[in-house]
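Asker: See coords.cif below, with mmCIF, C-alpha atoms and all ligand atoms.
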data_structure
loop_
_atom_site.label_atom_id
_atom_site.label_comp_id
_atom_site.auth_asym_id
_atom_site.auth_seq_id
_atom_site.Cartn_x
_atom_site.Cartn_y
_atom_site.Cartn_z
CA MET C 6 -13.76 28.89 -8.58
CA LYS C 7 -10.04 28.35 -9.11
CA TYR C 8 -8.30 27.34 -12.33
CA PHE C 9 -5.05 25.39 -12.52
CA SER C 10 -3.15 24.78 -15.74
CA ALA C 11 0.15 23.04 -16.57
CA ASN C 12 2.10 21.47 -19.46
CA PHE C 13 -0.19 18.48 -19.05
CA ILE C 14 -3.24 17.59 -17.00
CA PHE C 15 -3.36 13.86 -16.24
CA PRO C 16 -7.01 13.06 -15.44
CA ILE C 17 -5.92 9.33 -15.36
CA THR C 18 -9.26 7.93 -16.55
CA SER C 19 -9.04 9.90 -19.81
CA ALA C 20 -6.21 10.99 -22.11
CA PRO C 21 -3.68 13.59 -20.84
CA LYS C 22 -4.57 17.13 -21.83
CA LYS C 23 -1.68 19.23 -23.12
CA ASN C 24 -1.86 22.76 -21.69
CA GLY C 25 -5.21 21.81 -20.16
CA THR C 26 -6.93 23.40 -17.17
CA VAL C 27 -8.73 22.02 -14.12
CA ALA C 28 -11.53 24.12 -12.63
CA VAL C 29 -12.05 23.50 -8.93
CA SER C 30 -14.72 24.92 -6.61
CA ASP C 31 -13.78 26.53 -3.29
CA ASP C 32 -14.41 23.27 -1.40
CA GLY C 33 -12.01 21.38 -3.68
CA THR C 34 -14.54 19.66 -5.94
CA VAL C 35 -13.48 19.28 -9.57
CA MET C 36 -15.99 21.20 -11.69
CA GLU C 37 -14.54 20.82 -15.17
CA VAL C 38 -11.43 19.77 -17.10
CA PHE C 39 -10.65 21.92 -20.13
CA SER C 40 -8.33 20.94 -22.97
CA PHE C 41 -7.03 24.51 -23.25
CA ARG C 42 -5.30 27.05 -21.06
CA HIS C 43 -8.05 28.99 -19.31
CA ALA C 44 -7.53 32.77 -19.17
CA ASP C 45 -7.94 32.82 -15.36
CA ALA C 46 -5.66 29.85 -14.70
CA VAL C 47 -2.55 29.76 -12.56
CA TYR C 48 0.01 28.13 -14.87
CA TYR C 49 2.53 25.60 -13.56
CA ASP C 50 5.57 24.12 -15.20
CA GLY C 51 5.03 20.37 -14.95
CA ILE C 52 2.03 18.06 -14.87
CA ILE C 53 -1.07 18.04 -12.69
CA THR C 54 -2.29 14.69 -11.35
CA PRO C 55 -4.92 13.62 -8.84
CA GLY C 56 -3.79 13.13 -5.23
CA PHE C 57 -1.93 9.86 -4.56
CA VAL C 58 -3.35 6.79 -2.84
CA ASN C 59 -0.97 4.97 -0.51
CA THR C 60 -2.47 1.50 -0.19
CA HIS C 61 -0.08 0.05 2.37
CA CYS C 62 1.34 1.94 5.33
CA HIS C 63 2.03 1.07 8.97
CA LEU C 64 1.64 4.61 10.29
CA GLU C 65 1.94 3.35 13.87
CA LEU C 66 5.59 2.36 13.27
CA SER C 67 6.61 5.91 12.36
CA HIS C 68 8.70 6.30 15.52
CA LEU C 69 11.02 3.56 14.25
CA LYS C 70 12.62 5.62 11.48
CA ASP C 71 16.34 4.75 11.26
CA GLN C 72 15.94 2.29 14.17
CA VAL C 73 16.07 -1.01 12.30
CA ALA C 74 19.17 -2.06 10.33
CA ALA C 75 18.70 -2.16 6.56
CA GLN C 76 19.27 -5.03 4.13
CA LYS C 77 19.53 -7.79 6.71
CA GLY C 78 16.52 -9.80 5.54
CA MET C 79 13.07 -10.34 7.01
CA ALA C 80 13.95 -12.51 10.03
CA SER C 81 16.47 -9.96 11.29
CA PHE C 82 14.04 -7.08 10.55
CA ILE C 83 11.26 -8.65 12.64
CA GLY C 84 13.74 -9.63 15.35
CA GLU C 85 14.86 -6.02 15.75
CA LEU C 86 11.48 -4.38 15.24
CA VAL C 87 9.38 -6.30 17.76
CA PRO C 88 11.29 -5.34 20.94
CA LYS C 89 12.03 -1.81 19.69
CA ARG C 90 8.47 -0.84 18.82
CA ASN C 91 7.46 -0.94 22.49
CA SER C 92 10.50 0.84 23.89
CA PHE C 93 9.15 4.34 23.17
CA SER C 94 6.72 6.44 25.19
CA GLU C 95 3.18 6.90 23.94
CA THR C 96 3.89 10.61 23.43
CA GLU C 97 6.90 9.82 21.24
CA ILE C 98 4.85 7.31 19.24
CA LYS C 99 1.93 9.72 18.74
CA ASN C 100 4.17 12.67 17.79
CA ALA C 101 5.90 10.51 15.21
CA ILE C 102 2.48 9.48 13.81
CA ALA C 103 1.37 13.13 13.50
CA ASN C 104 4.64 14.08 11.78
CA ALA C 105 4.43 11.14 9.41
CA GLU C 106 0.90 12.11 8.46
CA SER C 107 2.07 15.68 7.71
CA GLU C 108 4.82 14.22 5.54
CA MET C 109 2.27 12.20 3.56
CA ILE C 110 0.05 15.25 3.05
CA LYS C 111 3.03 17.33 1.92
CA ASN C 112 3.91 14.56 -0.54
CA GLY C 113 0.48 14.70 -2.15
CA ILE C 114 -1.06 11.62 -0.57
CA VAL C 115 -4.84 11.93 -0.05
CA ALA C 116 -5.87 8.42 0.99
CA VAL C 117 -4.18 5.61 2.92
CA GLY C 118 -4.71 1.90 3.49
CA GLY C 119 -3.21 1.63 6.95
CA ILE C 120 -2.23 -1.43 8.97
CA SER C 121 -2.89 -1.38 12.73
CA ASN C 122 -1.88 -3.73 15.52
CA THR C 123 -2.64 -1.11 18.18
CA ASN C 124 -4.93 1.92 18.61
CA HIS C 125 -2.00 4.38 18.48
CA THR C 126 -3.05 5.96 15.18
CA PHE C 127 -6.78 6.18 15.89
CA GLU C 128 -6.72 9.66 17.44
CA GLN C 129 -4.84 11.06 14.44
CA LYS C 130 -7.07 9.25 11.95
CA ALA C 131 -10.18 10.64 13.67
CA LYS C 132 -9.09 14.14 12.62
CA GLN C 133 -9.72 13.01 9.03
CA ASN C 134 -6.92 15.06 7.53
CA LEU C 135 -6.63 12.17 5.08
CA PHE C 136 -8.96 9.35 4.11
CA TYR C 137 -7.96 6.19 5.97
CA HIS C 138 -9.09 2.61 5.61
CA THR C 139 -7.64 0.71 8.55
CA PHE C 140 -6.68 -2.93 8.28
CA ILE C 141 -6.64 -4.44 11.76
CA GLU C 142 -3.99 -7.07 11.44
CA LEU C 143 -4.33 -10.55 12.97
CA PHE C 144 -1.75 -13.26 13.61
CA ASP C 145 -1.71 -16.24 15.97
CA LEU C 146 1.43 -18.19 15.06
CA GLY C 147 -0.63 -21.37 15.39
CA ALA C 148 -0.95 -21.10 19.16
CA GLU C 149 -4.50 -22.51 19.09
CA LYS C 150 -5.78 -19.16 20.23
CA ALA C 151 -7.57 -18.14 17.04
CA ASP C 152 -10.87 -17.34 18.82
CA GLU C 153 -9.18 -15.32 21.55
CA ILE C 154 -7.14 -13.32 19.04
CA PHE C 155 -10.17 -12.72 16.87
CA SER C 156 -12.23 -11.28 19.74
CA ARG C 157 -9.31 -9.09 20.87
CA GLU C 158 -8.80 -7.66 17.38
CA LYS C 159 -12.54 -7.28 16.83
CA ASN C 160 -12.52 -5.15 19.95
CA LEU C 161 -9.68 -3.05 18.50
CA LYS C 162 -11.72 -2.66 15.31
CA SER C 163 -14.71 -1.41 17.31
CA GLN C 164 -12.53 1.42 18.66
CA ILE C 165 -12.37 2.86 15.14
CA SER C 166 -15.92 2.03 14.12
CA ASN C 167 -16.63 5.58 12.91
CA LEU C 168 -14.03 5.13 10.15
CA LYS C 169 -13.64 2.45 7.47
CA SER C 170 -11.86 -0.70 8.60
CA SER C 171 -11.37 -4.41 7.87
CA LEU C 172 -9.71 -7.35 9.54
CA SER C 173 -6.73 -8.74 7.69
CA PRO C 174 -4.40 -11.71 8.14
CA HIS C 175 -0.80 -10.54 8.66
CA ALA C 176 1.10 -13.04 6.51
CA PRO C 177 0.91 -16.71 5.50
CA TYR C 178 3.58 -17.70 8.03
CA THR C 179 1.89 -16.09 11.04
CA VAL C 180 -1.74 -17.13 10.52
CA SER C 181 -3.06 -20.63 11.22
CA PRO C 182 -5.84 -22.27 9.18
CA ALA C 183 -8.22 -21.75 12.13
CA LEU C 184 -7.64 -17.99 12.16
CA PHE C 185 -7.80 -17.72 8.35
CA THR C 186 -11.21 -19.44 8.46
CA ILE C 187 -12.58 -17.03 11.05
CA ILE C 188 -11.47 -13.99 9.04
CA ASP C 189 -12.63 -15.41 5.72
CA ASN C 190 -16.09 -16.19 7.06
CA LEU C 191 -16.62 -12.47 7.65
CA GLN C 192 -17.01 -12.15 3.85
CA GLN C 193 -15.52 -8.67 3.96
CA GLU C 194 -15.60 -6.11 1.20
CA ILE C 195 -11.80 -5.76 1.23
CA THR C 196 -8.85 -7.33 2.98
CA CYS C 197 -5.10 -7.63 2.47
CA ILE C 198 -2.10 -9.77 3.38
CA HIS C 199 1.68 -9.48 3.20
CA ASN C 200 2.53 -11.88 0.39
CA GLN C 201 5.85 -13.47 -0.60
CA GLU C 202 7.84 -10.61 0.83
CA SER C 203 11.09 -12.40 1.64
CA LYS C 204 13.35 -15.22 0.60
CA ALA C 205 12.95 -16.63 4.10
CA GLU C 206 9.19 -16.94 3.52
CA ASP C 207 9.88 -18.89 0.34
CA ASP C 208 12.37 -21.16 2.10
CA LEU C 209 9.93 -21.77 4.94
CA PHE C 210 7.05 -22.80 2.68
CA LYS C 211 9.04 -24.68 0.08
CA ASN C 212 11.45 -26.55 2.35
CA ARG C 213 10.75 -25.71 6.01
CA THR C 214 14.23 -24.19 6.18
CA GLY C 215 15.73 -20.70 6.22
CA ASP C 216 15.99 -17.70 8.51
CA LEU C 217 12.31 -17.40 9.46
CA PHE C 218 12.05 -21.14 10.12
CA ASP C 219 15.15 -20.95 12.34
CA ALA C 220 13.99 -17.82 14.17
CA PHE C 221 10.55 -19.28 14.96
CA SER C 222 12.06 -22.67 15.90
CA LYS C 223 14.28 -20.92 18.46
CA LEU C 224 11.15 -19.38 20.00
CA GLY C 225 9.54 -22.84 20.16
CA ILE C 226 7.01 -21.94 17.45
CA ALA C 227 6.60 -24.95 15.17
CA LEU C 228 4.36 -23.44 12.45
CA ASN C 229 3.24 -27.00 11.94
CA TRP C 230 0.49 -26.12 9.45
CA ILE C 231 3.22 -25.39 6.95
CA LYS C 232 4.00 -28.51 4.96
CA ALA C 233 7.07 -28.26 2.75
CA GLY C 234 6.16 -27.97 -0.91
CA LYS C 235 4.56 -24.95 -2.51
CA THR C 236 5.07 -21.20 -2.05
CA SER C 237 3.09 -19.35 0.60
CA VAL C 238 0.37 -17.95 -1.66
CA HIS C 239 -0.81 -21.53 -2.33
CA TYR C 240 -1.58 -21.77 1.38
CA SER C 241 -3.01 -18.32 2.07
CA LEU C 242 -5.08 -17.32 -0.96
CA PRO C 243 -7.57 -20.24 -0.97
CA GLN C 244 -8.43 -19.25 2.61
CA MET C 245 -9.20 -15.62 1.70
CA LEU C 246 -11.51 -15.96 -1.27
CA GLN C 247 -14.73 -15.01 0.50
CA SER C 248 -13.53 -11.40 0.62
CA LYS C 249 -14.70 -9.42 -2.41
CA LYS C 250 -11.34 -7.70 -2.97
CA ILE C 251 -7.92 -8.88 -1.83
CA GLN C 252 -4.72 -6.87 -1.90
CA LEU C 253 -1.55 -8.96 -1.96
CA VAL C 254 1.21 -6.76 -0.59
CA HIS C 255 4.87 -6.91 -1.71
CA ASN C 256 4.98 -9.94 -4.06
CA THR C 257 8.76 -9.59 -4.14
CA TYR C 258 9.26 -13.32 -4.72
CA THR C 259 6.06 -13.98 -6.66
CA GLY C 260 6.82 -15.97 -9.81
CA ALA C 261 4.97 -16.92 -13.00
CA GLU C 262 3.61 -20.13 -11.49
CA ASP C 263 2.27 -18.22 -8.46
CA LEU C 264 0.49 -15.71 -10.70
CA GLN C 265 -0.99 -18.57 -12.71
CA PHE C 266 -2.23 -20.11 -9.46
CA ILE C 267 -3.77 -16.79 -8.32
CA LYS C 268 -5.50 -16.51 -11.69
CA SER C 269 -6.85 -20.04 -11.51
CA LYS C 270 -8.34 -19.33 -8.09
CA THR C 271 -9.98 -16.06 -9.13
CA ALA C 272 -10.79 -16.76 -12.77
CA GLY C 273 -13.69 -14.76 -14.07
CA ILE C 274 -13.93 -12.49 -11.05
CA LYS C 275 -13.01 -9.04 -12.26
CA SER C 276 -10.96 -6.77 -10.01
CA LYS C 277 -10.76 -9.24 -7.13
CA ILE C 278 -6.98 -9.20 -6.79
CA TYR C 279 -4.79 -6.12 -6.46
CA LEU C 280 -1.01 -6.38 -6.30
CA CYS C 281 0.54 -3.74 -4.06
CA THR C 282 4.19 -2.90 -4.37
CA CYS C 283 6.39 -1.12 -1.81
CA PRO C 284 9.72 -1.02 -3.65
CA ASN C 285 11.69 1.14 -1.22
CA ALA C 286 10.76 -1.11 1.71
CA ASN C 287 11.72 -4.16 -0.36
CA LEU C 288 15.14 -2.63 -0.99
CA TYR C 289 15.42 -1.67 2.69
CA ILE C 290 14.62 -5.13 4.03
CA GLU C 291 15.63 -7.60 1.33
CA ASN C 292 17.54 -5.48 -1.19
CA LYS C 293 15.41 -7.00 -3.94
CA LEU C 294 12.58 -5.73 -6.13
CA PRO C 295 9.64 -7.72 -7.52
CA ASP C 296 9.73 -8.73 -11.18
CA TYR C 297 7.46 -5.91 -12.33
CA ASN C 298 7.14 -7.12 -15.90
CA LEU C 299 5.86 -10.45 -14.65
CA LEU C 300 3.40 -8.77 -12.30
CA ARG C 301 2.16 -6.38 -15.01
CA MET C 302 1.72 -9.20 -17.53
CA SER C 303 -0.59 -10.99 -15.10
CA GLY C 304 -3.28 -8.41 -15.80
CA PHE C 305 -3.91 -7.82 -12.09
CA LYS C 306 -4.08 -4.17 -11.13
CA MET C 307 -1.03 -2.75 -9.40
CA THR C 308 -1.14 -0.35 -6.45
CA ILE C 309 1.65 1.40 -4.53
CA GLY C 310 2.38 1.55 -0.80
CA THR C 311 5.10 3.14 1.26
CA ASP C 312 5.10 0.52 4.03
CA SER C 313 6.36 2.18 7.23
CA LEU C 314 9.18 4.48 8.28
CA ALA C 315 10.68 1.44 10.05
CA SER C 316 11.58 0.15 6.58
CA ASN C 317 11.64 3.29 4.47
CA TYR C 318 13.34 6.67 4.34
CA SER C 319 10.19 8.57 3.34
CA LEU C 320 6.42 8.26 3.03
CA SER C 321 6.21 9.38 -0.57
CA ILE C 322 4.45 7.64 -3.45
CA LEU C 323 6.58 9.69 -5.86
CA ASP C 324 9.73 8.26 -4.25
CA GLU C 325 8.35 4.74 -4.80
CA MET C 326 7.61 5.57 -8.46
CA LYS C 327 11.15 6.91 -8.89
CA THR C 328 12.60 3.61 -7.71
CA ILE C 329 10.43 1.62 -10.11
CA GLN C 330 11.17 3.98 -13.01
CA LYS C 331 14.92 3.86 -12.36
CA ASN C 332 15.00 0.06 -12.34
CA TYR C 333 12.34 -0.48 -15.01
CA PRO C 334 12.69 2.44 -17.47
CA GLU C 335 10.43 0.59 -19.91
CA ILE C 336 7.40 1.16 -17.66
CA GLU C 337 5.83 4.46 -18.68
CA PHE C 338 5.27 7.09 -16.04
CA ALA C 339 1.64 7.31 -17.19
CA GLU C 340 1.18 3.67 -16.19
CA LEU C 341 2.82 4.23 -12.80
CA LEU C 342 0.40 7.10 -12.23
CA GLN C 343 -2.50 4.67 -12.58
CA TRP C 344 -0.92 2.44 -9.93
CA ALA C 345 -0.50 5.51 -7.71
CA THR C 346 -4.04 6.85 -8.06
CA ILE C 347 -7.09 5.14 -9.57
CA ASN C 348 -6.07 1.52 -8.90
CA GLY C 349 -5.59 2.15 -5.19
CA ALA C 350 -8.79 4.21 -5.02
CA GLU C 351 -10.66 1.34 -6.67
CA PHE C 352 -9.24 -1.22 -4.24
CA LEU C 353 -10.19 0.93 -1.24
CA GLY C 354 -13.65 1.50 -2.74
CA ILE C 355 -13.25 5.28 -2.83
CA ASP C 356 -13.00 5.85 -6.58
CA ASN C 357 -16.22 7.85 -6.51
CA PHE C 358 -14.22 10.64 -4.77
CA PHE C 359 -10.54 9.88 -5.37
CA GLY C 360 -8.12 8.55 -7.95
CA SER C 361 -8.89 10.61 -11.05
CA ILE C 362 -9.59 14.20 -12.05
CA GLU C 363 -13.25 14.02 -12.96
CA GLN C 364 -16.21 16.26 -12.42
CA GLY C 365 -17.65 15.89 -8.92
CA LYS C 366 -14.57 14.26 -7.37
CA LYS C 367 -12.62 15.75 -4.50
CA CYS C 368 -9.47 13.96 -5.53
CA GLY C 369 -6.84 16.53 -4.52
CA LEU C 370 -4.40 17.91 -7.10
CA ASN C 371 -0.63 17.39 -7.25
CA LEU C 372 1.92 19.24 -9.32
CA ILE C 373 4.73 16.99 -10.52
CA ALA C 374 7.61 19.25 -11.50
CA ASN C 375 11.19 18.86 -12.73
CA LEU C 376 10.36 16.01 -15.06
CA ASP C 377 10.89 15.54 -18.77
CA THR C 378 7.60 16.88 -20.11
CA GLU C 379 8.44 15.74 -23.65
CA LYS C 380 9.13 12.11 -22.86
CA LEU C 381 6.94 12.25 -19.74
CA SER C 382 9.55 10.52 -17.61
CA ILE C 383 10.63 11.21 -14.04
CA ASN C 384 14.10 11.32 -12.56
CA GLU C 385 15.88 11.83 -9.21
CA LYS C 386 15.11 15.56 -9.24
CA THR C 387 11.39 15.24 -9.92
CA SER C 388 9.30 16.77 -7.13
CA VAL C 389 5.72 16.73 -5.96
CA GLN C 390 3.79 19.69 -4.60
CA LYS C 391 0.26 19.52 -3.27
CA ILE C 392 -1.83 22.16 -5.05
CA ILE C 393 -5.08 21.38 -3.22
ZN ZN N 401 3.60 -4.06 5.70
#
Can you present the structure in this file as structure tokens?

Answerer:
Amino acid sequence: MKYFSANFIFPITSAPKKNGTVAVSDDGTVMEVFSFRHADAVYYDGIITPGFVNTHCHLELSHLKDQVAAQKGMASFIGELVPKRNSFSETEIKNAIANAESEMIKNGIVAVGGISNTNHTFEQKAKQNLFYHTFIELFDLGAEKADEIFSREKNLKSQISNLKSSLSPHAPYTVSPALFTIIDNLQQEITCIHNQESKAEDDLFKNRTGDLFDAFSKLGIALNWIKAGKTSVHYSLPQMLQSKKIQLVHNTYTGAEDLQFIKSKTAGIKSKIYLCTCPNANLYIENKLPDYNLLRMSGFKMTIGTDSLASNYSLSILDEMKTIQKNYPEIEFAELLQWATINGAEFLGIDNFFGSIEQGKKCGLNLIANLDTEKLSINEKTSVQKII
């Protein structure tokens, strides 16, 4: 048995324990949480939290760190990323994936919701250094190939059948009604979609104008299922409702009316919608953050993702929390910790093992140091260290 104590223990699902202690068995299972400093405890300056859950990460794009220009908007980002992602050798891609995974582990991440378009990450995931739920991502750009794309991606999914996985539509602007229907009819436990990530997506759905509309037009892709009028979530969400849980990722341009619409479509169904935020990627691509107060007021649970190293400088949930805290000081760190742990664990369906420090869980333990332990607020210098 090992005992870890700190200024505060944050079990997440119960009140913080000042000078508390966590007792952990040799295999990492939490045995007990004490509200006092145990005589045998190693004492840390800082707070102890459960391991972090990263609910949105494209691990397979790790080789594209510093390869795509920042703050040029979504159309430019996709335009640069697509040709570049295939211009590296498989060895380079796989080495970058292994390094990125090590970075996540070092940064106290214990579970990941990962997007895959290829099988590049599967070997690494099979080692089970972290818990992964893989979202095999589908898009057809309305090419009347929905069936063909579905069977191809179902085949990709079968290559990872020993680990948890789902099929997920990429984004409203890349998935036709035919493909949405096929995915929805699977009635999956969980799925996700990139939602209202860019201004160009808004322009495309509201007015059939803007950078994405222009970029696709140039490629001869008409996206003719998009009728000018309402924002993209009005198109996508009604075609996803057969899934039990849906994670909407980004929500950078999601407004009050959109949230009202989401509520009206899911009224009465508890914990169906999770809103994932990836603030550092939003700043990287669009230089804009979601309206967090609006999202929080909606009552939907928030989760945190790092997106990929193609659009981020690190794979660190703490770094994402720092960005939110800096821009929204009114949001308490304790609330952000819920986004970073239990909410994501709940969405991924792994809250029986992860997301909170409770007896019987193997949630991992992080030490958050160099923070204001009086006000319980984080700053630029705050660090994370994986204890177990
Ligand atoms: Zn993404």

Asker: Considering only C-alpha atoms, can you say which of C:Arg90, C:Glu85, C:Asn212, C:Thr60 comes closest to Leu253 in chain C?

Answerer: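 Looking only at the distances to Leu253 in chain C, the closest residue turns out to be C:Thr60.
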
Asker: Find the spatial neighbours of range 170-177 of chain C, counting all atoms listed in the file, within a cut-off of 10 Å - ignore same-chain residues fewer than 6 positions away - and output them as a PyMOL selection string.

Answerer: chain C and resi 118-122+137-146+155+158-159+161-163+184-185+188-189+191+193-202+206+210+231+236-242+245+251-254

Asker: Can you tell me which residues surround range 355-362 of chain C at a distance of at most 10 Å, considering all atoms listed in the file, apart from same-chain residues fewer than 2 positions away, and format the answer as a PyMOL selection string?

Answerer: chain C and resi 14-19+27+34-38+53-58+115-116+136+138+342-353+364-370

Asker: Ranking C:Asn24, C:Ser276, C:Gln76, C:Asn190 by minimum distance to Glu291 in chain C and counting only C-alpha atoms, which one comes first?

Answerer: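 That would be C:Gln76, the residue with the smallest distance to Glu291 in chain C.
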
Asker: Which is closest to ligand ZN 401 (chain N) among C:Asn91, C:Gln72, C:Asn285, C:Thr311, if we use only C-alpha atoms and all ligand atoms?

Answerer: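 Nearest to ligand ZN 401 (chain N): C:Thr311.
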
Asker: Name the residues in contact with Phe305 in chain C at a cut-off of 10 Å, using only C-alpha atoms, excluding same-chain residues fewer than 3 positions from it; report them as a PDB file with C-alpha atoms, keeping the file's coordinate frame.

Answerer:
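Okay, result_14.pdb is ready:
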ATOM      1  CA  LEU C 264       0.490 -15.710 -10.700  1.00  0.00           C
ATOM      2  CA  ILE C 267      -3.770 -16.790  -8.320  1.00  0.00           C
ATOM      3  CA  LYS C 268      -5.500 -16.510 -11.690  1.00  0.00           C
ATOM      4  CA  LYS C 275     -13.010  -9.040 -12.260  1.00  0.00           C
ATOM      5  CA  SER C 276     -10.960  -6.770 -10.010  1.00  0.00           C
ATOM      6  CA  LYS C 277     -10.760  -9.240  -7.130  1.00  0.00           C
ATOM      7  CA  ILE C 278      -6.980  -9.200  -6.790  1.00  0.00           C
ATOM      8  CA  TYR C 279      -4.790  -6.120  -6.460  1.00  0.00           C
ATOM      9  CA  LEU C 280      -1.010  -6.380  -6.300  1.00  0.00           C
ATOM     10  CA  LEU C 300       3.400  -8.770 -12.300  1.00  0.00           C
ATOM     11  CA  ARG C 301       2.160  -6.380 -15.010  1.00  0.00           C
ATOM     12  CA  MET C 302       1.720  -9.200 -17.530  1.00  0.00           C
ATOM     13  CA  THR C 308      -1.140  -0.350  -6.450  1.00  0.00           C
TER      14      THR C 308
END

Asker: Find the residue from C:Thr26, C:Lys391, C:Ala272, C:Asp45 that sits nearest to Ser107 in chain C; use all atoms listed in the file when measuring.

Answerer: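 Closest to Ser107 in chain C of all the choices is C:Lys391.
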
Asker: To one decimal place in Å, what is the distance between CA of Glu97 in chain C and CA of His68 in chain C?

Answerer: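 One can read the CA of Glu97 in chain C to CA of His68 in chain C distance as 7.0 Å.
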
Asker: Could you check which of C:Ser30, C:Ser269, C:Gln330, C:Asn124 is closest to His63 in chain C, using all atoms listed in the file?

Answerer: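 Counting all atoms listed in the file, the residue closest to His63 in chain C is C:Asn124.
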
Asker: Between CA of Asn112 in chain C and CA of Leu288 in chain C, what is the distance in Å, rounded to a tenth?

Answerer: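 A separation of 20.5 Å between them.
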
Asker: As an exercise, work out the distance from CA of Val29 in chain C to CA of Ile392 in chain C in Å and give it to one decimal place.

Answerer: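 Distance reported for this atom pair: 11.0 Å.
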
Asker: Can you tell me, as a PyMOL selection string, what residues are no more than 10 Å from Ile187 in chain C when counting all atoms listed in the file, ignoring any on the same chain fewer than 6 positions away?

Answerer: chain C and resi 151-152+155+244

Asker: Which residue, C:Ser303, C:Thr378, C:Asn167, C:Asn287, has the smallest gap to ligand ZN 401 (chain N) when you use only C-alpha atoms and all ligand atoms?

Answerer: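 Nearest candidate to ligand ZN 401 (chain N) out of C:Ser303, C:Thr378, C:Asn167, C:Asn287: C:Asn287.
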
Asker: Could you give me, as a compact mmCIF listing (two decimals) with C-alpha atoms, in the coordinates of the input, the residues that have an atom at most 10 Å away from the point (13.9, -5.7, 4.6) in the coordinates of the file, using only C-alpha atoms?

Answerer:
# COMPACT_ATOMS: atom_id res chain seq x y z
CA VAL C 73 16.07 -1.01 12.30
CA ALA C 74 19.17 -2.06 10.33
CA ALA C 75 18.70 -2.16 6.56
CA GLN C 76 19.27 -5.03 4.13
CA LYS C 77 19.53 -7.79 6.71
CA GLY C 78 16.52 -9.80 5.54
CA MET C 79 13.07 -10.34 7.01
CA ALA C 80 13.95 -12.51 10.03
CA SER C 81 16.47 -9.96 11.29
CA PHE C 82 14.04 -7.08 10.55
CA ILE C 83 11.26 -8.65 12.64
CA GLU C 202 7.84 -10.61 0.83
CA SER C 203 11.09 -12.40 1.64
CA ASN C 285 11.69 1.14 -1.22
CA ALA C 286 10.76 -1.11 1.71
CA ASN C 287 11.72 -4.16 -0.36
CA LEU C 288 15.14 -2.63 -0.99
CA TYR C 289 15.42 -1.67 2.69
CA ILE C 290 14.62 -5.13 4.03
CA GLU C 291 15.63 -7.60 1.33
CA ASN C 292 17.54 -5.48 -1.19
CA LYS C 293 15.41 -7.00 -3.94
CA ALA C 315 10.68 1.44 10.05
CA SER C 316 11.58 0.15 6.58
CA ASN C 317 11.64 3.29 4.47

Asker: Find the residues near Phe218 in chain C: any atom within 12 Å, counting all atoms listed in the file, skip ones fewer than 6 places away on the same chain, and give them as a list of chain:residue names.

Answerer: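 Here the answer would be C:Met79, C:Ala80, C:Tyr178, C:Thr179, C:Lys204, C:Ala205, C:Glu206, C:Asp207, C:Asp208, C:Leu209, C:Phe210, C:Lys211, C:Asn212, C:Leu224, C:Gly225, C:Ile226, C:Ala227, C:Leu228, C:Asn229, C:Ile231, C:Ala233.
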
Asker: Export range 63-96 of chain C, C-alpha atoms, as a tab-separated table (two decimals), in the first residue's frame; it's the structure right above.

Answerer:
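Output (result.tsv):
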chain	number	residue	atom	x	y	z
C	63	HIS	CA	-6.17	12.95	-33.55
C	64	LEU	CA	-3.10	11.02	-32.43
C	65	GLU	CA	-2.40	9.96	-36.03
C	66	LEU	CA	-1.63	13.58	-36.99
C	67	SER	CA	1.20	13.87	-34.46
C	68	HIS	CA	3.85	14.05	-37.19
C	69	LEU	CA	2.35	17.36	-38.35
C	70	LYS	CA	3.54	19.40	-35.37
C	71	ASP	CA	4.60	22.88	-36.57
C	72	GLN	CA	3.75	21.89	-40.18
C	73	VAL	CA	0.50	23.79	-40.66
C	74	ALA	CA	0.39	27.60	-40.47
C	75	ALA	CA	-1.51	28.98	-37.47
C	76	GLN	CA	-4.45	31.40	-37.38
C	77	LYS	CA	-5.34	31.20	-41.06
C	78	GLY	CA	-8.84	29.78	-40.60
C	79	MET	CA	-10.32	26.35	-41.25
C	80	ALA	CA	-10.27	26.29	-45.07
C	81	SER	CA	-6.56	27.12	-45.16
C	82	PHE	CA	-5.87	24.61	-42.34
C	83	ILE	CA	-7.54	21.74	-44.22
C	84	GLY	CA	-5.94	22.84	-47.50
C	85	GLU	CA	-2.47	22.59	-45.97
C	86	LEU	CA	-3.08	19.52	-43.83
C	87	VAL	CA	-4.51	17.13	-46.41
C	88	PRO	CA	-1.51	16.98	-48.79
C	89	LYS	CA	1.03	17.19	-45.94
C	90	ARG	CA	-0.33	14.33	-43.86
C	91	ASN	CA	0.64	11.81	-46.54
C	92	SER	CA	4.07	13.22	-47.31
C	93	PHE	CA	5.79	11.43	-44.40
C	94	SER	CA	7.06	7.86	-44.18
C	95	GLU	CA	5.15	5.34	-42.11
C	96	THR	CA	8.12	5.13	-39.72
